$ cat my_file_4.txt   # compact mmCIF, C-alpha atoms
# COMPACT_ATOMS: atom_id res chain seq x y z
CA MET A 830 8.26 11.05 12.51
CA TYR A 831 6.26 7.88 13.00
CA LYS A 832 7.23 4.77 14.93
CA ILE A 833 6.96 1.52 13.03
CA ASN A 834 3.68 0.61 14.80
CA GLU A 835 2.06 3.90 13.81
CA PHE A 836 3.44 3.70 10.30
CA ALA A 837 2.19 0.13 9.86
CA GLU A 838 -1.29 1.23 10.90
CA MET A 839 -1.21 4.25 8.57
CA THR A 840 -0.09 2.29 5.52
CA GLY A 841 -1.71 -1.08 6.03
CA LEU A 842 1.69 -2.76 5.82
CA SER A 843 2.61 -5.09 8.65
CA LYS A 844 5.64 -4.44 10.83
CA GLU A 845 7.18 -7.61 9.40
CA THR A 846 6.67 -6.36 5.85
CA LEU A 847 8.22 -3.01 6.74
CA ARG A 848 11.23 -4.79 8.25
CA TYR A 849 11.55 -6.97 5.15
CA TYR A 850 11.23 -3.97 2.83
CA ALA A 851 14.04 -2.28 4.79
CA GLU A 852 16.16 -5.43 4.58
CA VAL A 853 15.87 -5.60 0.77
CA LYS A 854 16.35 -1.81 0.54
CA LEU A 855 12.86 -1.28 -0.84
CA LEU A 856 11.65 1.11 1.84
CA GLU A 857 14.13 2.08 4.50
CA PRO A 858 13.18 4.04 7.60
CA ALA A 859 13.91 7.75 7.51
CA TYR A 860 15.78 7.32 10.80
CA THR A 861 16.89 4.44 13.00
CA ASP A 862 17.75 5.32 16.58
CA PRO A 863 21.25 3.92 17.20
CA SER A 864 20.62 3.40 20.93
CA ASN A 865 17.51 1.21 20.67
CA HIS A 866 17.29 0.46 16.92
CA TYR A 867 13.73 1.82 16.74
CA ARG A 868 12.71 2.66 13.19
CA TYR A 869 11.06 5.94 12.34
CA TYR A 870 9.32 6.91 9.14
CA ASP A 871 8.40 10.34 7.78
CA ASP A 872 5.84 11.76 5.34
CA GLY A 873 8.09 10.99 2.36
CA SER A 874 8.20 7.38 3.52
CA PHE A 875 4.40 7.40 3.64
CA PHE A 876 4.15 8.35 -0.04
CA LEU A 877 6.57 5.57 -1.00
CA ALA A 878 4.78 3.03 1.19
CA ILE A 879 1.43 3.80 -0.42
CA LEU A 880 3.05 3.46 -3.85
CA LEU A 881 4.41 0.05 -2.82
CA VAL A 882 0.99 -1.04 -1.55
CA LYS A 883 -0.50 -0.09 -4.93
CA LEU A 884 2.25 -1.82 -6.91
CA ARG A 885 1.88 -4.98 -4.85
CA GLY A 886 -1.87 -4.85 -5.46
CA PHE A 887 -1.16 -4.60 -9.19
CA GLY A 888 0.81 -7.84 -8.98
CA PHE A 889 4.31 -6.40 -9.06
CA THR A 890 7.01 -8.73 -7.76
CA ILE A 891 9.49 -7.55 -5.13
CA GLN A 892 12.17 -7.28 -7.83
CA GLU A 893 9.88 -5.18 -10.03
CA MET A 894 9.11 -2.91 -7.07
CA ILE A 895 12.83 -2.55 -6.36
CA SER A 896 13.33 -1.47 -9.98
CA VAL A 897 10.63 1.17 -9.59
CA MET A 898 12.13 2.46 -6.34
CA GLU A 899 15.66 2.57 -7.77
CA ASP A 900 14.38 4.90 -10.50
CA GLU A 901 13.88 7.77 -8.07
CA SER A 902 12.41 10.00 -10.78
CA PHE A 903 9.72 7.38 -11.48
CA GLU A 904 10.35 8.21 -15.13
CA HIS A 905 9.63 4.66 -16.27
CA LEU A 906 6.74 3.94 -13.92
CA GLU A 907 4.08 4.61 -16.54
CA ASP A 908 5.79 2.23 -18.99
CA LEU A 909 6.02 -0.46 -16.32
CA LEU A 910 2.34 -0.03 -15.43
CA ILE A 911 1.31 -0.28 -19.08
CA GLN A 912 3.47 -3.40 -19.48
CA LYS A 913 1.93 -4.93 -16.34
CA ARG A 914 -1.57 -4.08 -17.64
CA ASN A 915 -0.80 -5.74 -20.99
CA ASN A 916 0.52 -8.85 -19.21
CA ILE A 917 -2.65 -9.06 -17.12
CA GLN A 918 -4.77 -8.65 -20.25
CA MET A 919 -2.91 -11.53 -21.91
CA GLN A 920 -3.46 -13.69 -18.81
CA ILE A 921 -7.18 -12.90 -18.92
CA GLU A 922 -7.35 -13.90 -22.58
CA ASP A 923 -5.47 -17.12 -21.80
CA LEU A 924 -7.89 -17.90 -18.97
CA HIS A 925 -10.87 -17.28 -21.27
CA LEU A 926 -9.39 -19.76 -23.76
CA ARG A 927 -8.95 -22.34 -20.99
CA ILE A 928 -12.56 -21.87 -19.93
CA GLU A 929 -13.69 -22.42 -23.53
CA GLU A 930 -11.56 -25.57 -23.76
CA ILE A 931 -13.07 -26.90 -20.52
CA ASP A 932 -16.59 -26.10 -21.75
CA ASP A 933 -15.87 -27.84 -25.08
CA PHE A 934 -14.46 -30.85 -23.26
CA LEU A 935 -17.49 -31.05 -20.97
CA ALA A 936 -19.84 -30.67 -23.93
CA SER A 937 -18.10 -33.43 -25.88
CA GLY A 938 -18.46 -35.78 -22.89
CA LYS A 939 -22.19 -35.09 -22.70
CA GLU A 940 -22.65 -35.73 -26.43
CA GLU A 941 -20.97 -39.15 -26.12
CA ASN A 942 -23.25 -40.13 -23.22
CA GLU A 943 -26.43 -39.36 -25.15
$ encode --input "my_file_4.txt" --output "C-alpha cells"
Amino acid sequence: MYKINEFAEMTGLSKETLRYYAEVKLLEPAYTDPSNHYRYYDDGSFFLAILLVKLRGFGFTIQEMISVMEDESFEHLEDLLIQKRNNIQMQIEDLHLRIEEIDDFLASGKEENE
C-alpha cells in the first residue's frame, strides 16, 4: 500500500488531483484509514492511475474518463480511443484550413498594397 504522497510521486498526479479523482469517483483509494482519513493506494490503483494519465494526455474530459472507468472490462476503450483520434484528426484538418485562410487573407492584403 502506498500513501498519497508516494502514490502522487509514482504516478505524476498531484495530491490535489488524486483527491479530486476520489471525489468524482474516478480513482478511489484502495483503503482509507477511518482513524486519520489517510488514503492508501495499491498496485491495482497504480494501473488505473497510469491509464488516467494517458487518457488525460489524449485530451479526454473528466466525464469521458469516468465513462471509461465505469466500464470495468474496458471493452469499449479501443472504440473511444479511435473516436478521440478521429476527432483530433478533424481538428487538425480544420486548423490547416484556418491557416490557409489566414495565408490567403495576408496574400490578398499584399496584392492590394502593390
$ atom_distance --input "my_file_4.txt" --atom1 "atom CA of A:Ala878" --atom2 "atom CA of A:Met830"
14.3 Å
$ atom_distance --input "my_file_4.txt" --atom1 "atom CA of A:Phe875" --atom2 "atom CA of A:Glu893"
19.4 Å
$ closest_residue --input "my_file_4.txt" --among "A:Leu910, A:Ala859, A:Ala936, A:Leu847" --to "A:Leu884" --atoms "only C-alpha atoms"
A:Leu910
$ closest_residue --input "my_file_4.txt" --among "A:Ser902, A:Asn915, A:Thr861, A:Thr840" --to "A:Leu880" --atoms "only C-alpha atoms"
A:Thr840
$ residues_around --input "my_file_4.txt" --residues "A:Ile833" --least-positions-apart "3" --cutoff "7 Å" --atoms "only C-alpha atoms" --output "PyMOL selection string"
chain A and resi 836-837+844+868-869
$ atom_distance --input "my_file_4.txt" --atom1 "atom CA of A:Leu924" --atom2 "atom CA of A:Ile891"
24.5 Å
$ closest_residue --input "my_file_4.txt" --among "A:Phe887, A:Glu845, A:Leu926, A:Asp933" --to "A:Arg914" --atoms "all atoms listed in the file"
A:Phe887
$ residues_around --input "my_file_4.txt" --residues "A:Gln912" --least-positions-apart "6" --cutoff "12 Å" --atoms "all atoms listed in the file" --output "PDB file with C-alpha atoms, in the coordinates of the input"
ATOM      1  CA  PHE A 887      -1.160  -4.600  -9.190  1.00  0.00           C
ATOM      2  CA  GLY A 888       0.810  -7.840  -8.980  1.00  0.00           C
ATOM      3  CA  PHE A 889       4.310  -6.400  -9.060  1.00  0.00           C
ATOM      4  CA  GLU A 893       9.880  -5.180 -10.030  1.00  0.00           C
ATOM      5  CA  HIS A 905       9.630   4.660 -16.270  1.00  0.00           C
ATOM      6  CA  LEU A 906       6.740   3.940 -13.920  1.00  0.00           C
ATOM      7  CA  GLN A 918      -4.770  -8.650 -20.250  1.00  0.00           C
ATOM      8  CA  MET A 919      -2.910 -11.530 -21.910  1.00  0.00           C
TER       9      MET A 919
END
$ closest_residue --input "my_file_4.txt" --among "A:Ser896, A:Asn865, A:Ser874, A:Ser937" --to "A:Tyr831" --atoms "only C-alpha atoms"
A:Ser874
$ closest_residue --input "my_file_4.txt" --among "A:Gly886, A:Ile895, A:Phe903, A:Gly873" --to "A:Glu852" --atoms "all atoms listed in the file"
A:Ile895
$ closest_residue --input "my_file_4.txt" --among "A:Gly938, A:Gly841, A:Lys832, A:Val853" --to "A:Gln892" --atoms "only C-alpha atoms"
A:Val853
$ decode --input "my_file_4.txt" --residues "stretch 920-934 of chain A" --atoms "all heavy atoms" --output "PDB file, in the first residue's frame"
ATOM      1  N   GLN A 920      -9.899  18.074 -36.090  1.00  0.00           N
ATOM      2  CA  GLN A 920      -9.441  19.365 -35.577  1.00  0.00           C
ATOM      3  C   GLN A 920      -8.186  19.821 -36.315  1.00  0.00           C
ATOM      4  O   GLN A 920      -8.044  21.012 -36.634  1.00  0.00           O
ATOM      5  CB  GLN A 920      -9.167  19.278 -34.072  1.00  0.00           C
ATOM      6  CG  GLN A 920     -10.409  19.134 -33.240  1.00  0.00           C
ATOM      7  CD  GLN A 920     -10.087  18.881 -31.766  1.00  0.00           C
ATOM      8  OE1 GLN A 920      -8.962  18.545 -31.410  1.00  0.00           O
ATOM      9  NE2 GLN A 920     -11.091  19.041 -30.924  1.00  0.00           N
ATOM     10  N   ILE A 921      -7.293  18.885 -36.588  1.00  0.00           N
ATOM     11  CA  ILE A 921      -6.067  19.210 -37.322  1.00  0.00           C
ATOM     12  C   ILE A 921      -6.413  19.719 -38.715  1.00  0.00           C
ATOM     13  O   ILE A 921      -5.878  20.728 -39.178  1.00  0.00           O
ATOM     14  CB  ILE A 921      -5.124  17.986 -37.393  1.00  0.00           C
ATOM     15  CG1 ILE A 921      -4.537  17.687 -36.020  1.00  0.00           C
ATOM     16  CG2 ILE A 921      -4.016  18.203 -38.431  1.00  0.00           C
ATOM     17  CD1 ILE A 921      -3.807  16.367 -35.925  1.00  0.00           C
ATOM     18  N   GLU A 922      -7.340  19.024 -39.387  1.00  0.00           N
ATOM     19  CA  GLU A 922      -7.747  19.445 -40.721  1.00  0.00           C
ATOM     20  C   GLU A 922      -8.381  20.831 -40.683  1.00  0.00           C
ATOM     21  O   GLU A 922      -8.124  21.672 -41.552  1.00  0.00           O
ATOM     22  CB  GLU A 922      -8.696  18.412 -41.327  1.00  0.00           C
ATOM     23  CG  GLU A 922      -7.999  17.095 -41.658  1.00  0.00           C
ATOM     24  CD  GLU A 922      -8.953  15.961 -41.996  1.00  0.00           C
ATOM     25  OE1 GLU A 922     -10.173  16.209 -42.161  1.00  0.00           O
ATOM     26  OE2 GLU A 922      -8.480  14.809 -42.083  1.00  0.00           O
ATOM     27  N   ASP A 923      -9.204  21.082 -39.659  1.00  0.00           N
ATOM     28  CA  ASP A 923      -9.832  22.392 -39.505  1.00  0.00           C
ATOM     29  C   ASP A 923      -8.777  23.474 -39.290  1.00  0.00           C
ATOM     30  O   ASP A 923      -8.857  24.564 -39.865  1.00  0.00           O
ATOM     31  CB  ASP A 923     -10.822  22.368 -38.332  1.00  0.00           C
ATOM     32  CG  ASP A 923     -11.561  23.676 -38.184  1.00  0.00           C
ATOM     33  OD1 ASP A 923     -12.115  24.176 -39.189  1.00  0.00           O
ATOM     34  OD2 ASP A 923     -11.593  24.214 -37.051  1.00  0.00           O
ATOM     35  N   LEU A 924      -7.776  23.168 -38.476  1.00  0.00           N
ATOM     36  CA  LEU A 924      -6.709  24.145 -38.231  1.00  0.00           C
ATOM     37  C   LEU A 924      -5.897  24.416 -39.497  1.00  0.00           C
ATOM     38  O   LEU A 924      -5.511  25.564 -39.758  1.00  0.00           O
ATOM     39  CB  LEU A 924      -5.794  23.660 -37.099  1.00  0.00           C
ATOM     40  CG  LEU A 924      -6.424  23.668 -35.706  1.00  0.00           C
ATOM     41  CD1 LEU A 924      -5.496  22.992 -34.696  1.00  0.00           C
ATOM     42  CD2 LEU A 924      -6.755  25.085 -35.269  1.00  0.00           C
ATOM     43  N   HIS A 925      -5.663  23.380 -40.305  1.00  0.00           N
ATOM     44  CA  HIS A 925      -4.956  23.576 -41.576  1.00  0.00           C
ATOM     45  C   HIS A 925      -5.758  24.503 -42.487  1.00  0.00           C
ATOM     46  O   HIS A 925      -5.182  25.377 -43.149  1.00  0.00           O
ATOM     47  CB  HIS A 925      -4.678  22.242 -42.273  1.00  0.00           C
ATOM     48  CG  HIS A 925      -3.523  21.484 -41.719  1.00  0.00           C
ATOM     49  ND1 HIS A 925      -2.231  21.934 -41.783  1.00  0.00           N
ATOM     50  CD2 HIS A 925      -3.462  20.294 -41.078  1.00  0.00           C
ATOM     51  CE1 HIS A 925      -1.414  21.067 -41.208  1.00  0.00           C
ATOM     52  NE2 HIS A 925      -2.152  20.060 -40.757  1.00  0.00           N
ATOM     53  N   LEU A 926      -7.080  24.328 -42.511  1.00  0.00           N
ATOM     54  CA  LEU A 926      -7.924  25.204 -43.333  1.00  0.00           C
ATOM     55  C   LEU A 926      -7.863  26.648 -42.835  1.00  0.00           C
ATOM     56  O   LEU A 926      -7.808  27.587 -43.635  1.00  0.00           O
ATOM     57  CB  LEU A 926      -9.373  24.714 -43.323  1.00  0.00           C
ATOM     58  CG  LEU A 926      -9.659  23.447 -44.123  1.00  0.00           C
ATOM     59  CD1 LEU A 926     -11.094  22.982 -43.903  1.00  0.00           C
ATOM     60  CD2 LEU A 926      -9.411  23.696 -45.616  1.00  0.00           C
ATOM     61  N   ARG A 927      -7.858  26.831 -41.524  1.00  0.00           N
ATOM     62  CA  ARG A 927      -7.753  28.186 -40.965  1.00  0.00           C
ATOM     63  C   ARG A 927      -6.428  28.829 -41.340  1.00  0.00           C
ATOM     64  O   ARG A 927      -6.373  30.020 -41.660  1.00  0.00           O
ATOM     65  CB  ARG A 927      -7.896  28.147 -39.448  1.00  0.00           C
ATOM     66  CG  ARG A 927      -9.289  27.884 -38.987  1.00  0.00           C
ATOM     67  CD  ARG A 927      -9.387  28.047 -37.494  1.00  0.00           C
ATOM     68  NE  ARG A 927     -10.543  27.350 -36.977  1.00  0.00           N
ATOM     69  CZ  ARG A 927     -10.827  27.274 -35.698  1.00  0.00           C
ATOM     70  NH1 ARG A 927     -10.028  27.835 -34.808  1.00  0.00           N
ATOM     71  NH2 ARG A 927     -11.891  26.628 -35.289  1.00  0.00           N
ATOM     72  N   ILE A 928      -5.363  28.045 -41.291  1.00  0.00           N
ATOM     73  CA  ILE A 928      -4.043  28.567 -41.674  1.00  0.00           C
ATOM     74  C   ILE A 928      -4.060  29.006 -43.137  1.00  0.00           C
ATOM     75  O   ILE A 928      -3.557  30.074 -43.483  1.00  0.00           O
ATOM     76  CB  ILE A 928      -2.941  27.520 -41.413  1.00  0.00           C
ATOM     77  CG1 ILE A 928      -2.720  27.354 -39.905  1.00  0.00           C
ATOM     78  CG2 ILE A 928      -1.637  27.901 -42.111  1.00  0.00           C
ATOM     79  CD1 ILE A 928      -1.823  26.183 -39.529  1.00  0.00           C
ATOM     80  N   GLU A 929      -4.654  28.183 -44.008  1.00  0.00           N
ATOM     81  CA  GLU A 929      -4.749  28.542 -45.426  1.00  0.00           C
ATOM     82  C   GLU A 929      -5.551  29.818 -45.615  1.00  0.00           C
ATOM     83  O   GLU A 929      -5.181  30.680 -46.414  1.00  0.00           O
ATOM     84  CB  GLU A 929      -5.392  27.395 -46.216  1.00  0.00           C
ATOM     85  CG  GLU A 929      -4.487  26.194 -46.399  1.00  0.00           C
ATOM     86  CD  GLU A 929      -5.190  25.054 -47.136  1.00  0.00           C
ATOM     87  OE1 GLU A 929      -6.193  25.307 -47.842  1.00  0.00           O
ATOM     88  OE2 GLU A 929      -4.728  23.909 -46.981  1.00  0.00           O
ATOM     89  N   GLU A 930      -6.654  29.957 -44.858  1.00  0.00           N
ATOM     90  CA  GLU A 930      -7.476  31.168 -44.962  1.00  0.00           C
ATOM     91  C   GLU A 930      -6.690  32.401 -44.505  1.00  0.00           C
ATOM     92  O   GLU A 930      -6.782  33.463 -45.126  1.00  0.00           O
ATOM     93  CB  GLU A 930      -8.748  31.017 -44.121  1.00  0.00           C
ATOM     94  CG  GLU A 930      -9.739  30.030 -44.702  1.00  0.00           C
ATOM     95  CD  GLU A 930     -10.933  29.774 -43.784  1.00  0.00           C
ATOM     96  OE1 GLU A 930     -11.054  30.421 -42.711  1.00  0.00           O
ATOM     97  OE2 GLU A 930     -11.761  28.924 -44.146  1.00  0.00           O
ATOM     98  N   ILE A 931      -5.920  32.258 -43.439  1.00  0.00           N
ATOM     99  CA  ILE A 931      -5.092  33.376 -42.965  1.00  0.00           C
ATOM    100  C   ILE A 931      -4.047  33.726 -44.005  1.00  0.00           C
ATOM    101  O   ILE A 931      -3.834  34.907 -44.323  1.00  0.00           O
ATOM    102  CB  ILE A 931      -4.439  33.031 -41.607  1.00  0.00           C
ATOM    103  CG1 ILE A 931      -5.505  32.994 -40.504  1.00  0.00           C
ATOM    104  CG2 ILE A 931      -3.327  34.018 -41.265  1.00  0.00           C
ATOM    105  CD1 ILE A 931      -5.008  32.434 -39.182  1.00  0.00           C
ATOM    106  N   ASP A 932      -3.389  32.709 -44.557  1.00  0.00           N
ATOM    107  CA  ASP A 932      -2.375  32.955 -45.596  1.00  0.00           C
ATOM    108  C   ASP A 932      -2.993  33.643 -46.812  1.00  0.00           C
ATOM    109  O   ASP A 932      -2.402  34.580 -47.362  1.00  0.00           O
ATOM    110  CB  ASP A 932      -1.700  31.644 -46.012  1.00  0.00           C
ATOM    111  CG  ASP A 932      -0.785  31.085 -44.929  1.00  0.00           C
ATOM    112  OD1 ASP A 932      -0.441  31.832 -43.984  1.00  0.00           O
ATOM    113  OD2 ASP A 932      -0.432  29.883 -45.011  1.00  0.00           O
ATOM    114  N   ASP A 933      -4.174  33.195 -47.233  1.00  0.00           N
ATOM    115  CA  ASP A 933      -4.866  33.814 -48.367  1.00  0.00           C
ATOM    116  C   ASP A 933      -5.216  35.269 -48.066  1.00  0.00           C
ATOM    117  O   ASP A 933      -5.060  36.154 -48.903  1.00  0.00           O
ATOM    118  CB  ASP A 933      -6.137  33.042 -48.731  1.00  0.00           C
ATOM    119  CG  ASP A 933      -5.847  31.677 -49.332  1.00  0.00           C
ATOM    120  OD1 ASP A 933      -4.690  31.413 -49.722  1.00  0.00           O
ATOM    121  OD2 ASP A 933      -6.797  30.860 -49.401  1.00  0.00           O
ATOM    122  N   PHE A 934      -5.681  35.504 -46.842  1.00  0.00           N
ATOM    123  CA  PHE A 934      -6.045  36.855 -46.433  1.00  0.00           C
ATOM    124  C   PHE A 934      -4.823  37.764 -46.430  1.00  0.00           C
ATOM    125  O   PHE A 934      -4.872  38.897 -46.915  1.00  0.00           O
ATOM    126  CB  PHE A 934      -6.702  36.816 -45.058  1.00  0.00           C
ATOM    127  CG  PHE A 934      -7.211  38.138 -44.574  1.00  0.00           C
ATOM    128  CD1 PHE A 934      -8.353  38.689 -45.126  1.00  0.00           C
ATOM    129  CD2 PHE A 934      -6.552  38.826 -43.568  1.00  0.00           C
ATOM    130  CE1 PHE A 934      -8.834  39.917 -44.678  1.00  0.00           C
ATOM    131  CE2 PHE A 934      -7.020  40.048 -43.123  1.00  0.00           C
ATOM    132  CZ  PHE A 934      -8.168  40.602 -43.676  1.00  0.00           C
TER     133      PHE A 934
END
